[in-house]
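Okay, my_file-v5.cif is below, mmCIF, C-alpha atoms:
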data_start
#
loop_
_atom_site.group_PDB
_atom_site.id
_atom_site.type_symbol
_atom_site.label_atom_id
_atom_site.label_comp_id
_atom_site.auth_asym_id
_atom_site.auth_seq_id
_atom_site.Cartn_x
_atom_site.Cartn_y
_atom_site.Cartn_z
ATOM 1 C CA MET A 64 0.000 0.000 0.000
ATOM 2 C CA GLU A 65 2.047 2.903 -1.302
ATOM 3 C CA LYS A 66 0.757 6.330 -2.164
ATOM 4 C CA VAL A 67 1.235 7.715 -5.655
ATOM 5 C CA THR A 68 2.269 11.323 -6.147
ATOM 6 C CA LEU A 69 0.816 12.263 -9.510
ATOM 7 C CA ALA A 70 3.357 14.987 -10.303
ATOM 8 C CA ASP A 71 6.264 12.614 -9.673
ATOM 9 C CA ALA A 72 4.671 9.848 -11.701
ATOM 10 C CA PHE A 73 4.031 12.098 -14.679
ATOM 11 C CA ALA A 74 7.532 13.574 -14.415
ATOM 12 C CA SER A 75 8.948 10.067 -14.802
ATOM 13 C CA MET A 76 7.000 9.426 -18.012
ATOM 14 C CA ASP A 77 8.220 10.682 -21.343
ATOM 15 C CA GLU A 78 6.236 8.887 -24.029
ATOM 16 C CA ALA A 79 2.771 10.171 -24.887
ATOM 17 C CA TRP A 80 -0.158 7.728 -24.966
ATOM 18 C CA ASN A 81 1.792 5.085 -23.068
ATOM 19 C CA PRO A 82 -0.271 4.521 -19.921
ATOM 20 C CA ARG A 83 1.208 3.370 -16.616
ATOM 21 C CA LEU A 84 -0.668 1.466 -13.961
ATOM 22 C CA ALA A 85 -1.066 3.541 -10.785
ATOM 23 C CA GLY A 86 -3.261 1.123 -8.856
ATOM 24 C CA GLU A 87 -5.798 -1.686 -9.025
ATOM 25 C CA LEU A 88 -8.909 -2.053 -6.931
ATOM 26 C CA ASN A 89 -12.140 -4.001 -7.182
ATOM 27 C CA GLY A 90 -11.181 -5.314 -10.619
ATOM 28 C CA GLN A 91 -10.601 -1.793 -11.881
ATOM 29 C CA ALA A 92 -7.393 -0.069 -12.917
ATOM 30 C CA VAL A 93 -6.147 3.440 -12.271
ATOM 31 C CA LYS A 94 -3.903 4.466 -15.125
ATOM 32 C CA LEU A 95 -1.859 7.573 -15.794
ATOM 33 C CA ALA A 96 -0.972 8.764 -19.265
ATOM 34 C CA LYS A 97 0.751 11.693 -20.842
ATOM 35 C CA ALA A 98 -1.221 12.860 -23.856
ATOM 36 C CA GLU A 99 0.010 14.850 -26.822
ATOM 37 C CA GLY A 100 -1.972 15.686 -29.925
ATOM 38 C CA GLU A 101 -4.451 13.224 -31.384
ATOM 39 C CA PHE A 102 -5.136 9.705 -30.203
ATOM 40 C CA VAL A 103 -7.088 7.215 -32.321
ATOM 41 C CA TRP A 104 -10.863 6.919 -32.715
ATOM 42 C CA HIS A 105 -11.996 3.871 -30.753
ATOM 43 C CA SER A 106 -14.598 2.484 -28.379
ATOM 44 C CA HIS A 107 -14.701 -0.024 -25.534
ATOM 45 C CA ALA A 108 -17.616 -2.432 -25.888
ATOM 46 C CA GLU A 109 -17.638 -3.488 -22.236
ATOM 47 C CA ALA A 110 -15.952 -0.656 -20.380
ATOM 48 C CA ASP A 111 -17.106 2.736 -19.215
ATOM 49 C CA GLU A 112 -14.039 4.960 -18.982
ATOM 50 C CA LEU A 113 -13.355 7.902 -16.699
ATOM 51 C CA PHE A 114 -10.986 10.660 -17.775
ATOM 52 C CA LEU A 115 -9.643 13.078 -15.184
ATOM 53 C CA VAL A 116 -7.297 15.768 -16.463
ATOM 54 C CA THR A 117 -4.636 16.762 -13.926
ATOM 55 C CA ASP A 118 -2.662 19.133 -16.145
ATOM 56 C CA GLY A 119 -3.148 20.704 -19.571
ATOM 57 C CA ARG A 120 -6.266 20.393 -21.688
ATOM 58 C CA LEU A 121 -7.893 17.365 -23.278
ATOM 59 C CA ARG A 122 -10.642 17.526 -25.871
ATOM 60 C CA ILE A 123 -12.671 14.348 -26.290
ATOM 61 C CA GLU A 124 -14.333 14.122 -29.661
ATOM 62 C CA PHE A 125 -17.484 12.087 -30.263
ATOM 63 C CA ARG A 126 -19.216 11.033 -33.459
ATOM 64 C CA GLU A 127 -22.724 11.921 -32.400
ATOM 65 C CA ARG A 128 -22.452 14.713 -29.889
ATOM 66 C CA ASP A 129 -20.393 17.812 -29.234
ATOM 67 C CA ASP A 130 -16.815 17.512 -28.105
ATOM 68 C CA ALA A 131 -16.057 17.698 -24.399
ATOM 69 C CA VAL A 132 -13.170 19.943 -23.378
ATOM 70 C CA LEU A 133 -11.570 19.032 -20.076
ATOM 71 C CA GLU A 134 -9.228 21.404 -18.298
ATOM 72 C CA ALA A 135 -7.133 20.435 -15.287
ATOM 73 C CA GLY A 136 -9.446 19.371 -12.460
ATOM 74 C CA GLU A 137 -12.264 18.222 -14.728
ATOM 75 C CA LEU A 138 -13.524 14.691 -15.252
ATOM 76 C CA LEU A 139 -15.853 12.917 -17.660
ATOM 77 C CA VAL A 140 -17.195 9.378 -17.858
ATOM 78 C CA VAL A 141 -17.423 8.034 -21.423
ATOM 79 C CA PRO A 142 -20.011 5.229 -21.504
ATOM 80 C CA ARG A 143 -19.143 1.849 -22.984
ATOM 81 C CA GLY A 144 -19.712 1.529 -26.705
ATOM 82 C CA THR A 145 -19.268 5.259 -27.317
ATOM 83 C CA GLU A 146 -16.792 5.971 -30.075
ATOM 84 C CA HIS A 147 -14.432 8.714 -28.971
ATOM 85 C CA ARG A 148 -11.104 10.296 -29.766
ATOM 86 C CA PRO A 149 -9.006 12.052 -27.124
ATOM 87 C CA VAL A 150 -7.005 15.024 -28.420
ATOM 88 C CA ALA A 151 -4.574 16.847 -26.136
ATOM 89 C CA GLU A 152 -4.263 20.563 -26.822
ATOM 90 C CA PRO A 153 -1.322 20.399 -27.071
ATOM 91 C CA GLU A 154 -0.442 18.244 -24.070
ATOM 92 C CA ALA A 155 -2.218 16.884 -21.035
ATOM 93 C CA ASP A 156 -1.663 14.614 -18.064
ATOM 94 C CA ILE A 157 -4.629 12.327 -17.567
ATOM 95 C CA LEU A 158 -5.823 9.820 -15.017
ATOM 96 C CA LEU A 159 -8.078 6.999 -16.221
ATOM 97 C CA PHE A 160 -10.353 4.682 -14.240
ATOM 98 C CA GLU A 161 -11.623 1.641 -16.082
ATOM 99 C CA PRO A 162 -11.883 -2.128 -15.725
ATOM 100 C CA ALA A 163 -8.517 -3.854 -15.369
ATOM 101 C CA GLY A 164 -7.414 -5.192 -18.718
ATOM 102 C CA THR A 165 -9.190 -2.549 -20.799
ATOM 103 C CA ARG A 166 -7.120 -2.011 -23.937
ATOM 104 C CA ASN A 167 -6.171 1.621 -24.475
ATOM 105 C CA THR A 168 -7.201 1.571 -28.138
ATOM 106 C CA GLY A 169 -10.394 -0.437 -27.494
ATOM 107 C CA ASP A 170 -11.664 -2.105 -30.651
ATOM 108 C CA VAL A 171 -8.691 -0.812 -32.671
ATOM 109 C CA GLU A 172 -5.238 -2.366 -32.788
ATOM 110 C CA ASN A 173 -2.468 -0.152 -34.126
ATOM 111 C CA ASP A 174 0.925 1.233 -33.157
ATOM 112 C CA LEU A 175 -0.637 3.087 -30.218
ATOM 113 C CA THR A 176 -1.955 -0.135 -28.665
ATOM 114 C CA ARG A 177 -0.369 -1.010 -25.319
ATOM 115 C CA GLU A 178 -1.298 -4.429 -23.950
ATOM 116 C CA GLU A 179 1.066 -4.797 -20.994
ATOM 117 C CA LEU A 180 1.369 -1.754 -18.808
ATOM 118 C CA GLU A 181 4.291 -0.943 -16.583
ATOM 119 C CA SER A 182 3.423 0.240 -13.121
ATOM 120 C CA VAL A 183 4.195 3.724 -11.923
ATOM 121 C CA GLY A 184 7.588 3.607 -10.274
ATOM 122 C CA ASP A 185 8.862 0.638 -12.286
ATOM 123 C CA MET B 242 -22.564 12.588 -20.219
ATOM 124 C CA GLU B 243 -21.634 15.808 -18.448
ATOM 125 C CA LYS B 244 -18.208 16.761 -17.248
ATOM 126 C CA VAL B 245 -17.620 17.549 -13.594
ATOM 127 C CA THR B 246 -15.449 20.499 -12.604
ATOM 128 C CA LEU B 247 -14.016 19.508 -9.252
ATOM 129 C CA ALA B 248 -13.478 23.061 -7.984
ATOM 130 C CA ASP B 249 -17.088 23.997 -8.728
ATOM 131 C CA ALA B 250 -18.397 20.821 -7.145
ATOM 132 C CA PHE B 251 -16.414 21.322 -3.955
ATOM 133 C CA ALA B 252 -17.382 25.001 -3.837
ATOM 134 C CA SER B 253 -21.037 23.943 -3.800
ATOM 135 C CA MET B 254 -20.544 21.642 -0.812
ATOM 136 C CA ASP B 255 -20.511 22.963 2.716
ATOM 137 C CA GLU B 256 -20.847 19.992 5.049
ATOM 138 C CA ALA B 257 -17.761 17.941 5.841
ATOM 139 C CA TRP B 258 -17.885 14.144 5.474
ATOM 140 C CA ASN B 259 -21.063 14.299 3.392
ATOM 141 C CA PRO B 260 -20.044 12.727 0.063
ATOM 142 C CA ARG B 261 -21.666 13.583 -3.250
ATOM 143 C CA LEU B 262 -21.871 11.291 -6.231
ATOM 144 C CA ALA B 263 -19.807 12.601 -9.158
ATOM 145 C CA GLY B 264 -20.241 9.630 -11.493
ATOM 146 C CA GLU B 265 -20.902 5.929 -11.813
ATOM 147 C CA LEU B 266 -19.145 3.485 -14.100
ATOM 148 C CA ASN B 267 -18.705 -0.258 -14.257
ATOM 149 C CA GLY B 268 -20.532 -0.718 -10.970
ATOM 150 C CA GLN B 269 -18.187 1.729 -9.259
ATOM 151 C CA ALA B 270 -18.878 5.163 -7.858
ATOM 152 C CA VAL B 271 -16.837 8.348 -7.996
ATOM 153 C CA LYS B 272 -17.578 10.404 -4.909
ATOM 154 C CA LEU B 273 -16.430 13.818 -3.745
ATOM 155 C CA ALA B 274 -16.236 14.810 -0.109
ATOM 156 C CA LYS B 275 -15.083 17.748 1.910
ATOM 157 C CA ALA B 276 -13.126 16.538 4.912
ATOM 158 C CA GLU B 277 -12.493 18.356 8.167
ATOM 159 C CA GLY B 278 -10.804 16.941 11.214
ATOM 160 C CA GLU B 279 -11.327 13.328 12.241
ATOM 161 C CA PHE B 280 -13.594 10.783 10.609
ATOM 162 C CA VAL B 281 -14.471 7.495 12.303
ATOM 163 C CA TRP B 282 -12.425 4.306 12.431
ATOM 164 C CA HIS B 283 -14.000 1.795 10.047
ATOM 165 C CA SER B 284 -13.351 -0.786 7.366
ATOM 166 C CA HIS B 285 -15.089 -2.042 4.242
ATOM 167 C CA ALA B 286 -15.210 -5.841 4.144
ATOM 168 C CA GLU B 287 -15.822 -6.050 0.398
ATOM 169 C CA ALA B 288 -14.510 -2.803 -1.019
ATOM 170 C CA ASP B 289 -11.071 -1.516 -1.835
ATOM 171 C CA GLU B 290 -11.191 2.272 -1.617
ATOM 172 C CA LEU B 291 -9.180 4.866 -3.488
ATOM 173 C CA PHE B 292 -8.522 8.273 -1.938
ATOM 174 C CA LEU B 293 -7.282 11.102 -4.145
ATOM 175 C CA VAL B 294 -6.684 14.419 -2.415
ATOM 176 C CA THR B 295 -7.371 17.419 -4.655
ATOM 177 C CA ASP B 296 -6.848 20.142 -2.059
ATOM 178 C CA GLY B 297 -5.526 20.294 1.479
ATOM 179 C CA ARG B 298 -3.969 17.404 3.376
ATOM 180 C CA LEU B 299 -5.458 14.097 4.509
ATOM 181 C CA ARG B 300 -3.797 11.719 6.938
ATOM 182 C CA ILE B 301 -5.075 8.159 6.850
ATOM 183 C CA GLU B 302 -4.431 6.291 10.058
ATOM 184 C CA PHE B 303 -4.127 2.516 10.232
ATOM 185 C CA ARG B 304 -4.099 0.135 13.165
ATOM 186 C CA GLU B 305 -1.180 -1.968 12.024
ATOM 187 C CA ARG B 306 1.007 0.239 9.872
ATOM 188 C CA ASP B 307 2.234 3.794 9.715
ATOM 189 C CA ASP B 308 -0.139 6.572 8.774
ATOM 190 C CA ALA B 309 -0.243 7.733 5.168
ATOM 191 C CA VAL B 310 -0.200 11.491 4.599
ATOM 192 C CA LEU B 311 -1.706 12.593 1.312
ATOM 193 C CA GLU B 312 -1.159 16.090 -0.027
ATOM 194 C CA ALA B 313 -3.044 17.511 -3.009
ATOM 195 C CA GLY B 314 -2.286 15.390 -6.068
ATOM 196 C CA GLU B 315 -1.600 12.203 -4.132
ATOM 197 C CA LEU B 316 -3.638 9.008 -4.109
ATOM 198 C CA LEU B 317 -3.743 5.820 -2.080
ATOM 199 C CA VAL B 318 -5.710 2.587 -2.373
ATOM 200 C CA VAL B 319 -6.834 1.167 0.975
ATOM 201 C CA PRO B 320 -7.457 -2.568 0.570
ATOM 202 C CA ARG B 321 -10.736 -4.108 1.691
ATOM 203 C CA GLY B 322 -10.857 -5.206 5.278
ATOM 204 C CA THR B 323 -8.244 -2.666 6.373
ATOM 205 C CA GLU B 324 -9.372 -0.626 9.341
ATOM 206 C CA HIS B 325 -8.585 3.027 8.722
ATOM 207 C CA ARG B 326 -9.434 6.517 9.891
ATOM 208 C CA PRO B 327 -9.168 9.547 7.608
ATOM 209 C CA VAL B 328 -8.151 12.760 9.365
ATOM 210 C CA ALA B 329 -8.063 16.044 7.459
ATOM 211 C CA GLU B 330 -5.381 18.469 8.618
ATOM 212 C CA PRO B 331 -7.328 20.663 9.003
ATOM 213 C CA GLU B 332 -9.392 20.392 5.833
ATOM 214 C CA ALA B 333 -9.183 18.534 2.544
ATOM 215 C CA ASP B 334 -11.130 17.973 -0.645
ATOM 216 C CA ILE B 335 -11.090 14.304 -1.579
ATOM 217 C CA LEU B 336 -12.190 12.146 -4.479
ATOM 218 C CA LEU B 337 -13.126 8.553 -3.710
ATOM 219 C CA PHE B 338 -13.423 5.656 -6.104
ATOM 220 C CA GLU B 339 -15.081 2.517 -4.786
ATOM 221 C CA PRO B 340 -17.881 0.057 -5.573
ATOM 222 C CA ALA B 341 -21.286 1.712 -5.939
ATOM 223 C CA GLY B 342 -23.232 1.383 -2.706
ATOM 224 C CA THR B 343 -20.196 1.329 -0.432
ATOM 225 C CA ARG B 344 -21.223 2.900 2.854
ATOM 226 C CA ASN B 345 -18.987 5.779 3.892
ATOM 227 C CA THR B 346 -18.612 4.499 7.448
ATOM 228 C CA GLY B 347 -18.186 0.868 6.400
ATOM 229 C CA ASP B 348 -18.902 -1.517 9.251
ATOM 230 C CA VAL B 349 -19.842 1.342 11.565
ATOM 231 C CA GLU B 350 -23.180 3.128 11.709
ATOM 232 C CA ASN B 351 -23.221 6.468 13.461
ATOM 233 C CA ASP B 352 -24.141 10.093 12.866
ATOM 234 C CA LEU B 353 -21.570 10.340 10.078
ATOM 235 C CA THR B 354 -23.205 7.540 8.085
ATOM 236 C CA ARG B 355 -24.661 8.658 4.745
ATOM 237 C CA GLU B 356 -26.694 6.019 2.930
ATOM 238 C CA GLU B 357 -28.276 8.024 0.105
ATOM 239 C CA LEU B 358 -25.939 10.364 -1.681
ATOM 240 C CA GLU B 359 -26.952 13.419 -3.635
ATOM 241 C CA SER B 360 -25.291 13.864 -6.960
ATOM 242 C CA VAL B 361 -22.949 16.715 -7.698
ATOM 243 C CA GLY B 362 -25.032 19.526 -9.137
ATOM 244 C CA ASP B 363 -28.275 18.481 -7.423
#

Output the file's structure as structure tokens, nothing else.
Amino acid sequence: MEKVTLADAFASMDEAWNPRLAGELNGQAVKLAKAEGEFVWHSHAEADELFLVTDGRLRIEFRERDDAVLEAGELLVVPRGTEHRPVAEPEADILLFEPAGTRNTGDVENDLTREELESVGD
Amino acid sequence: MEKVTLADAFASMDEAWNPRLAGELNGQAVKLAKAEGEFVWHSHAEADELFLVTDGRLRIEFRERDDAVLEAGELLVVPRGTEHRPVAEPEADILLFEPAGTRNTGDVENDLTREELESVGD
């Protein structure tokens, strides 16, 4: 049981869109990711996904509704099955809550896909 | 699907230890609470509980290990079954992530118990 200091964890990360595992609880994962520019359009069939921006600005684009713009200290839950594309403007630090094992690119597999996550501090 | 601005949500709350529901996902709840002074010793038999401090300082006391002190931007997962007591020094704004329906006072029922939570913005 070790606390995680978000600023230190983000300072240790250099690659955008490469999430680290910050904790697991009740079958869910807490992940941290640095974001830069556009991610890929994707959805998660079985996973609602929470985005909490801790620094910078993240726009989340949707196919069938207006974009959401999250500044630091703002959170949004994207329901399962909702196609979305995160876009950092130009960079953001984000915390994600979602079921353990949720693939970052959802139904898409490309060069941004990360299957095995390192833990914060590794 | 509405974003939550943590600062606005906390600004709308005046009673300490009276959590509000900020979102639900995957059977889990995201709760916000203002903390002031000592809470009650308790544990959650079936629920791991994440504390993220967004303002102020929260000390979490344990029976069988050293206290954890969380400053703003720090998080800790308290495993199920672990007796703990949150103590804000002197105040803190905290975000909790835990299974939906988890009672704030766990195995204890007293005047701090809150069974039905209002949502942020209500």

Nearby residues (only C-alpha atoms) at most 10 Å from stretch 277-283 of chain B, same-chain spacing under 5 positions excluded, as a PyMOL selection string: chain B and resi 256-258+297-304+322-334+345-351+353-354

Near chain A, which residues of chain B fall within 8 Å when you count all atoms listed in the file, and what do they look like as a PDB file with C-alpha atoms, in the coordinates of the input?
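Everything below was put into selection.pdb:
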ATOM      1  CA  MET B 242     -22.564  12.588 -20.219  1.00  0.00           C
ATOM      2  CA  GLU B 243     -21.634  15.808 -18.448  1.00  0.00           C
ATOM      3  CA  LYS B 244     -18.208  16.761 -17.248  1.00  0.00           C
ATOM      4  CA  VAL B 245     -17.620  17.549 -13.594  1.00  0.00           C
ATOM      5  CA  THR B 246     -15.449  20.499 -12.604  1.00  0.00           C
ATOM      6  CA  LEU B 247     -14.016  19.508  -9.252  1.00  0.00           C
ATOM      7  CA  ALA B 248     -13.478  23.061  -7.984  1.00  0.00           C
ATOM      8  CA  GLY B 264     -20.241   9.630 -11.493  1.00  0.00           C
ATOM      9  CA  GLU B 265     -20.902   5.929 -11.813  1.00  0.00           C
ATOM     10  CA  LEU B 266     -19.145   3.485 -14.100  1.00  0.00           C
ATOM     11  CA  ASN B 267     -18.705  -0.258 -14.257  1.00  0.00           C
ATOM     12  CA  ALA B 288     -14.510  -2.803  -1.019  1.00  0.00           C
ATOM     13  CA  ASP B 289     -11.071  -1.516  -1.835  1.00  0.00           C
ATOM     14  CA  GLU B 290     -11.191   2.272  -1.617  1.00  0.00           C
ATOM     15  CA  LEU B 291      -9.180   4.866  -3.488  1.00  0.00           C
ATOM     16  CA  ALA B 309      -0.243   7.733   5.168  1.00  0.00           C
ATOM     17  CA  LEU B 311      -1.706  12.593   1.312  1.00  0.00           C
ATOM     18  CA  GLY B 314      -2.286  15.390  -6.068  1.00  0.00           C
ATOM     19  CA  GLU B 315      -1.600  12.203  -4.132  1.00  0.00           C
ATOM     20  CA  LEU B 316      -3.638   9.008  -4.109  1.00  0.00           C
ATOM     21  CA  LEU B 317      -3.743   5.820  -2.080  1.00  0.00           C
ATOM     22  CA  VAL B 318      -5.710   2.587  -2.373  1.00  0.00           C
ATOM     23  CA  VAL B 319      -6.834   1.167   0.975  1.00  0.00           C
ATOM     24  CA  PRO B 320      -7.457  -2.568   0.570  1.00  0.00           C
ATOM     25  CA  GLU B 339     -15.081   2.517  -4.786  1.00  0.00           C
ATOM     26  CA  PRO B 340     -17.881   0.057  -5.573  1.00  0.00           C
TER      27      PRO B 340
END

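Here atom CA of A:Leu180 is placed at a distance of 8.1 Å from atom CA of A:Asn81.
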
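Of note, atom CA of B:Gly342 and atom CA of B:Ala252 are spaced 24.4 Å apart.
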
Can you tell me, as an MDAnalysis selection string, what residues are no more than 10 Å from B:Asp255 when counting all atoms listed in the file, ignoring any on the same chain fewer than 4 positions away? chainID B and resid 251 259 274:275

How would the residues just chosen look if you wrote them out with C-alpha atoms as an mmCIF file, in the coordinates of the input?
data_model
loop_
_atom_site.group_PDB
_atom_site.id
_atom_site.type_symbol
_atom_site.label_atom_id
_atom_site.label_comp_id
_atom_site.auth_asym_id
_atom_site.auth_seq_id
_atom_site.Cartn_x
_atom_site.Cartn_y
_atom_site.Cartn_z
ATOM 1 C CA PHE B 251 -16.414 21.322 -3.955
ATOM 2 C CA ASN B 259 -21.063 14.299 3.392
ATOM 3 C CA ALA B 274 -16.236 14.810 -0.109
ATOM 4 C CA LYS B 275 -15.083 17.748 1.910
#

Residue members of the PyMOL selection byres ((chain B and resi 362) around 10) in the file shown, as a count of residues only: 12

Return the padded bounding box of stretch 294-304 of chain B as JSON: axis-aligned, built from all atoms listed in the file, 5 Å added on each side, with centre and edge lengths in Å to one decimal.
{"center_x": -5.6, "center_y": 10.2, "center_z": 4.3, "size_x": 13.6, "size_y": 30.2, "size_z": 27.8}

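Here atom CA of A:Pro82 and atom CA of A:Leu95 stand 5.4 Å from one another.
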